[in-house]
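Visitor: So that you have it, the file is my_file-v3.txt, and it contains compact mmCIF, C-alpha atoms:
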# COMPACT_ATOMS: atom_id res chain seq x y z
CA MET A 1 15.13 41.69 32.49
CA VAL A 2 15.94 38.37 30.86
CA LYS A 3 14.19 37.82 27.56
CA VAL A 4 12.79 34.36 26.95
CA ALA A 5 13.03 33.23 23.37
CA LYS A 6 9.84 31.95 21.85
CA SER A 7 9.89 28.26 21.09
CA GLU A 8 10.16 27.56 17.40
CA GLU A 9 7.24 25.89 15.74
CA LYS A 10 7.91 22.35 14.63
CA LYS A 11 8.68 22.24 10.92
CA PRO A 12 6.62 19.98 8.65
CA ILE A 13 8.16 16.67 7.64
CA SER A 14 9.84 17.31 4.29
CA VAL A 15 9.24 14.64 1.64
CA ILE A 16 10.59 13.94 -1.85
CA ILE A 17 8.68 11.62 -4.19
CA VAL A 18 10.63 9.57 -6.77
CA GLU A 19 8.07 7.97 -9.08
CA ASP A 20 8.03 7.67 -12.88
CA PHE A 21 4.24 7.82 -13.38
CA LYS A 22 3.00 11.41 -13.24
CA LEU A 23 -0.53 10.49 -12.16
CA THR A 24 0.83 8.49 -9.22
CA ARG A 25 3.14 11.36 -8.24
CA VAL A 26 0.26 13.80 -8.28
CA GLY A 27 -1.89 11.48 -6.19
CA LEU A 28 0.86 10.95 -3.63
CA ARG A 29 1.63 14.67 -3.43
CA CYS A 30 -2.02 15.65 -2.95
CA ALA A 31 -2.57 12.92 -0.34
CA LEU A 32 0.48 13.89 1.72
CA ASN A 33 0.11 17.67 1.37
CA ALA A 34 -3.41 17.35 2.77
CA ASN A 35 -1.65 16.95 6.14
CA GLU A 36 -0.40 20.16 7.77
CA ASP A 37 2.63 18.42 9.26
CA ILE A 38 3.86 16.97 5.93
CA ASN A 39 5.29 18.94 3.00
CA VAL A 40 6.28 17.47 -0.37
CA VAL A 41 9.24 19.65 -1.36
CA ALA A 42 10.16 18.04 -4.69
CA GLU A 43 9.38 15.27 -7.16
CA ALA A 44 11.43 13.27 -9.64
CA GLU A 45 10.52 10.81 -12.36
CA ASP A 46 13.78 8.83 -12.24
CA ALA A 47 16.44 7.87 -9.72
CA THR A 48 19.20 10.05 -11.18
CA GLU A 49 17.14 13.21 -10.78
CA GLY A 50 15.85 11.95 -7.44
CA LEU A 51 19.37 11.62 -6.02
CA LYS A 52 20.17 15.18 -7.12
CA LEU A 53 17.02 16.49 -5.42
CA ILE A 54 17.76 14.53 -2.25
CA GLU A 55 21.24 16.05 -2.10
CA ARG A 56 19.83 19.55 -2.73
CA HIS A 57 16.81 19.51 -0.40
CA LYS A 58 18.01 17.06 2.27
CA PRO A 59 14.46 15.79 2.99
CA ASP A 60 13.37 13.94 6.09
CA VAL A 61 11.66 11.18 4.10
CA VAL A 62 11.88 9.88 0.52
CA LEU A 63 9.11 7.88 -1.18
CA MET A 64 11.05 5.70 -3.61
CA ASP A 65 9.35 3.68 -6.32
CA LEU A 66 11.25 0.44 -6.88
CA GLY A 67 10.29 0.00 -10.55
CA LEU A 68 12.02 3.10 -11.91
CA PRO A 69 13.41 3.24 -15.47
CA GLY A 70 17.20 3.08 -15.78
CA MET A 71 18.56 2.95 -12.24
CA ASN A 72 15.89 1.13 -10.20
CA GLY A 73 14.76 2.11 -6.72
CA ILE A 74 16.86 -0.49 -4.91
CA GLU A 75 20.03 0.72 -6.65
CA ALA A 76 19.07 4.29 -5.78
CA MET A 77 18.67 3.36 -2.10
CA VAL A 78 22.13 1.81 -2.10
CA ARG A 79 23.49 5.04 -3.60
CA CYS A 80 21.76 7.03 -0.86
CA LYS A 81 23.56 4.96 1.76
CA GLU A 82 26.89 5.26 -0.06
CA MET A 83 26.49 9.04 -0.32
CA MET A 84 25.44 9.14 3.35
CA PHE A 85 22.22 11.06 2.72
CA ASP A 86 20.52 11.51 6.09
CA CYS A 87 16.98 10.63 5.09
CA LYS A 88 14.52 7.83 5.74
CA ILE A 89 13.33 5.88 2.71
CA ILE A 90 9.91 4.36 2.13
CA ALA A 91 10.00 1.74 -0.63
CA LEU A 92 6.85 2.10 -2.70
CA THR A 93 5.74 -0.51 -5.23
CA SER A 94 2.81 -2.29 -6.80
CA HIS A 95 4.57 -5.65 -6.39
CA ASP A 96 4.55 -7.96 -3.40
CA ARG A 97 7.39 -10.35 -4.23
CA SER A 98 9.18 -11.58 -1.11
CA GLU A 99 12.65 -11.26 -2.67
CA GLU A 100 11.92 -7.62 -3.54
CA VAL A 101 10.84 -6.87 0.04
CA LEU A 102 14.06 -8.31 1.45
CA ALA A 103 16.20 -6.53 -1.15
CA ALA A 104 14.54 -3.19 -0.37
CA LEU A 105 14.95 -3.53 3.38
CA SER A 106 18.53 -4.75 3.05
CA SER A 107 19.30 -1.74 0.83
CA GLY A 108 18.30 0.82 3.42
CA ALA A 109 14.51 1.18 3.30
CA SER A 110 12.79 1.97 6.60
CA ALA A 111 9.38 0.94 5.28
CA TYR A 112 7.81 -1.08 2.48
CA CYS A 113 4.39 -0.01 1.19
CA LEU A 114 2.15 -1.16 -1.63
CA LYS A 115 0.88 1.67 -3.85
CA ASP A 116 -2.73 0.95 -2.92
CA ILE A 117 -2.06 1.88 0.71
CA ASP A 118 -4.73 4.08 2.30
CA PRO A 119 -3.66 7.77 2.09
CA ASN A 120 -4.19 8.30 5.82
CA LYS A 121 -2.10 5.23 6.61
CA LEU A 122 0.66 6.43 4.30
CA ALA A 123 0.74 9.74 6.16
CA ASP A 124 1.08 7.82 9.42
CA VAL A 125 3.92 5.75 7.97
CA VAL A 126 5.71 8.93 6.89
CA ARG A 127 5.36 10.32 10.43
CA ASP A 128 6.58 7.10 12.04
CA VAL A 129 9.50 6.63 9.66
CA SER A 130 10.62 10.24 10.18
CA THR A 131 11.08 9.46 13.88
CA GLY A 132 13.08 6.28 13.24
CA VAL A 133 10.29 3.71 13.34
CA CYS A 134 10.43 0.91 10.73
CA TRP A 135 7.30 -0.45 9.06
CA ILE A 136 6.37 -3.25 6.66
CA ASP A 137 2.94 -3.52 5.07
CA PRO A 138 1.28 -6.41 6.99
CA MET A 139 -0.09 -7.90 3.75
CA VAL A 140 3.38 -7.93 2.21
CA ALA A 141 4.91 -9.41 5.35
CA GLN A 142 2.36 -12.22 5.41
CA MET A 143 2.88 -13.01 1.73
CA THR A 144 6.62 -13.11 2.31
CA LEU A 145 6.21 -15.49 5.24
CA ASN A 146 3.90 -17.77 3.28
CA ALA A 147 6.47 -18.07 0.50
CA LEU A 148 9.20 -19.29 2.82
CA PRO A 149 9.83 -22.86 4.01
CA LYS A 150 8.99 -23.66 7.60
CA ILE A 151 11.29 -25.49 9.98
CA ASP A 152 10.49 -27.41 13.14
CA ASN A 153 13.05 -25.93 15.52
CA ILE A 154 11.23 -22.62 15.97
CA GLY A 155 12.50 -22.02 19.49
CA PHE A 156 15.93 -20.95 18.27
CA LEU A 157 17.27 -18.46 15.77
CA PRO A 158 20.57 -19.04 13.97
CA SER A 159 23.32 -16.62 14.96
CA LYS A 160 27.05 -16.36 14.48
CA SER A 161 27.48 -14.94 17.96
CA ASN A 162 27.35 -18.31 19.75
CA ALA A 163 29.62 -21.30 19.33
CA ASP A 164 26.70 -23.55 18.43
CA GLY A 165 25.31 -20.97 15.97
CA ARG A 166 22.02 -20.50 17.82
CA VAL A 167 20.41 -17.93 20.06
CA PRO A 168 17.61 -19.14 22.35
CA LEU A 169 14.38 -17.18 22.35
CA THR A 170 11.67 -17.69 24.92
CA GLU A 171 8.23 -18.75 23.77
CA ARG A 172 6.89 -15.23 24.41
CA GLU A 173 9.80 -13.63 22.55
CA PHE A 174 9.06 -15.83 19.57
CA GLU A 175 5.44 -14.63 19.64
CA VAL A 176 6.67 -11.04 19.70
CA LEU A 177 9.06 -11.75 16.82
CA LYS A 178 6.19 -12.99 14.65
CA HIS A 179 4.36 -9.72 15.26
CA LEU A 180 7.53 -7.76 14.48
CA VAL A 181 7.75 -9.50 11.12
CA LEU A 182 4.17 -8.46 10.43
CA GLY A 183 5.20 -4.84 10.95
CA LYS A 184 3.28 -4.27 14.18
CA SER A 185 4.21 -1.52 16.63
CA ASN A 186 4.88 -2.04 20.34
CA THR A 187 1.38 -0.78 21.11
CA GLU A 188 -0.19 -3.25 18.66
CA ILE A 189 1.94 -6.11 20.02
CA ALA A 190 0.95 -5.24 23.57
CA LYS A 191 -2.73 -5.31 22.57
CA GLU A 192 -2.39 -8.67 20.78
CA LEU A 193 -0.56 -10.32 23.70
CA ILE A 194 -2.56 -8.53 26.42
CA VAL A 195 0.50 -7.04 28.09
CA SER A 196 1.66 -3.50 28.81
CA VAL A 197 3.48 -1.48 26.15
CA HIS A 198 6.49 -1.39 28.48
CA THR A 199 6.55 -5.20 28.60
CA ALA A 200 6.24 -5.45 24.82
CA LYS A 201 9.10 -3.00 24.39
CA ALA A 202 11.24 -5.00 26.82
CA HIS A 203 10.63 -8.18 24.81
CA VAL A 204 11.57 -6.37 21.59
CA CYS A 205 14.82 -5.08 23.13
CA SER A 206 15.67 -8.59 24.34
CA ILE A 207 15.04 -10.02 20.87
CA LEU A 208 17.26 -7.42 19.19
CA GLN A 209 20.04 -8.13 21.66
CA LYS A 210 19.85 -11.91 21.26
CA MET A 211 19.71 -11.67 17.46
CA CYS A 212 22.64 -9.22 17.39
CA VAL A 213 20.73 -6.71 15.23
CA ASN A 214 20.25 -2.96 15.57
CA ASP A 215 16.56 -2.48 14.87
CA ARG A 216 13.17 -4.08 14.23
CA VAL A 217 13.56 -4.24 10.47
CA GLN A 218 16.89 -6.06 10.72
CA ALA A 219 15.27 -8.52 13.13
CA ALA A 220 12.35 -9.07 10.75
CA VAL A 221 14.61 -9.48 7.73
CA LYS A 222 16.85 -11.94 9.56
CA ALA A 223 13.88 -13.95 10.81
CA VAL A 224 12.36 -14.11 7.33
CA LYS A 225 15.65 -14.97 5.65
CA GLU A 226 16.22 -17.80 8.13
CA GLY A 227 12.68 -19.11 7.60
CA MET A 228 12.01 -19.03 11.34
CA VAL A 229 8.40 -17.78 11.21
Rewrite the coordinates I just gave you, this time as structure tokens.
Guide:
Amino acid sequence: MVKVAKSEEKKPISVIIVEDFKLTRVGLRCALNANEDINVVAEAEDATEGLKLIERHKPDVVLMDLGLPGMNGIEAMVRCKEMMFDCKIIALTSHDRSEEVLAALSSGASAYCLKDIDPNKLADVVRDVSTGVCWIDPMVAQMTLNALPKIDNIGFLPSKSNADGRVPLTEREFEVLKHLVLGKSNTEIAKELIVSVHTAKAHVCSILQKMCVNDRVQAAVKAVKEGMV
């Protein structure tokens, strides 16, 4: 008789919190541990200790405060990339400065959240980020867009891939790009544009290809940096 191995139960998403304020750490830990599928395995009050814990525990997700004493959160994220730690990073801050958002995303963050985010939403972001999804707080994205200059030629995005330095986007793709910058998922984009999720996903894939980027966050960062939306 052939024995069939029992399927292993899915392990909770392991999380490390790097935050210098104890009260905030406690609040984050309690909020996340209230979910059966999320487990906060360690906490650190500075980046140096945080990097040691990340190397030791190899978590799925790291909540990284940007305003840490000594080595700040952005520097710590760069170190994570240099040390090739296989974890997703959620940049957590009380600030909403556009330059800080871009710096965090360019340094390896998969998500950018304000500290007043709803606990249930934060849990959802942790789940999404753990699977490779990128997310930007819509309020932060909108503030970032408002701070940037607008240009008239919105039908094209600059790119080094073409001789003329531009990549043409269709009108619908430009609409999708604006929603990408606001941190919306394919499902949310489909709902906004009244199309199927499959169609929304196809538009996103086309945009990534034309912009010569690897993921949604890179597309959003490039669009914001170029002042295209």
Visitor: Which neighbours of His95 of chain A fall inside 12 Å, counting only C-alpha atoms, when residues of the same chain fewer than 4 positions from it are skipped, and could you give them as a PyMOL selection string?
Guide: chain A and resi 65-67+91+99-101+104+112-116+137+139-140+143-144
Visitor: Take atom CA of Pro12 of chain A and atom CA of Leu53 of chain A and report the distance between them in Å, one decimal.
Guide: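 Between atom CA of Pro12 of chain A and atom CA of Leu53 of chain A the gap is 17.8 Å.
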Visitor: Quote the spacing between atom CA of Ala111 of chain A and atom CA of Ser14 of chain A in Å to one decimal place.
Guide: 16.4 Å
Visitor: Which one of A:Gly27, A:Ser110, A:Leu68, A:Cys87 sits closest to Ala44 of chain A if you count all atoms listed in the file?
Guide: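 Between A:Gly27, A:Ser110, A:Leu68, A:Cys87, the residue approaching Ala44 of chain A most closely is A:Leu68.
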Visitor: Measuring atom to atom with only C-alpha atoms, identify which of A:Val40, A:Lys178, A:Ile89, A:Arg216 is nearest to Val125 of chain A.
Guide: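 Closest to Val125 of chain A of all the choices is A:Ile89.
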Visitor: Could you state the separation of atom CA of Leu63 of chain A and atom CA of Val133 of chain A in Å, given to one decimal place?
Guide: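 Atom CA of Val133 of chain A lies at a distance of 15.2 Å from atom CA of Leu63 of chain A.
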Visitor: Which of these residues is nearest to Asn120 of chain A, using all atoms listed in the file: A:Thr48, A:Thr170, A:Asn33, A:Ser206?
Guide: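 Looking at the shortest contact to Asn120 of chain A, the residue is A:Asn33.
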Visitor: When you count all atoms listed in the file, which of these residues is closest to Leu182 of chain A: A:Ala219, A:Ile207, A:Val195, A:Met77?
Guide: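 Closest residue, counting all atoms listed in the file: A:Ala219.
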Visitor: With only C-alpha atoms as the atoms that count, which of A:Glu173, A:Ala223, A:Cys134, A:Leu180 lies nearest to Thr199 of chain A?
Guide: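 Residue with the minimum atom-to-atom distance to Thr199 of chain A: A:Glu173.
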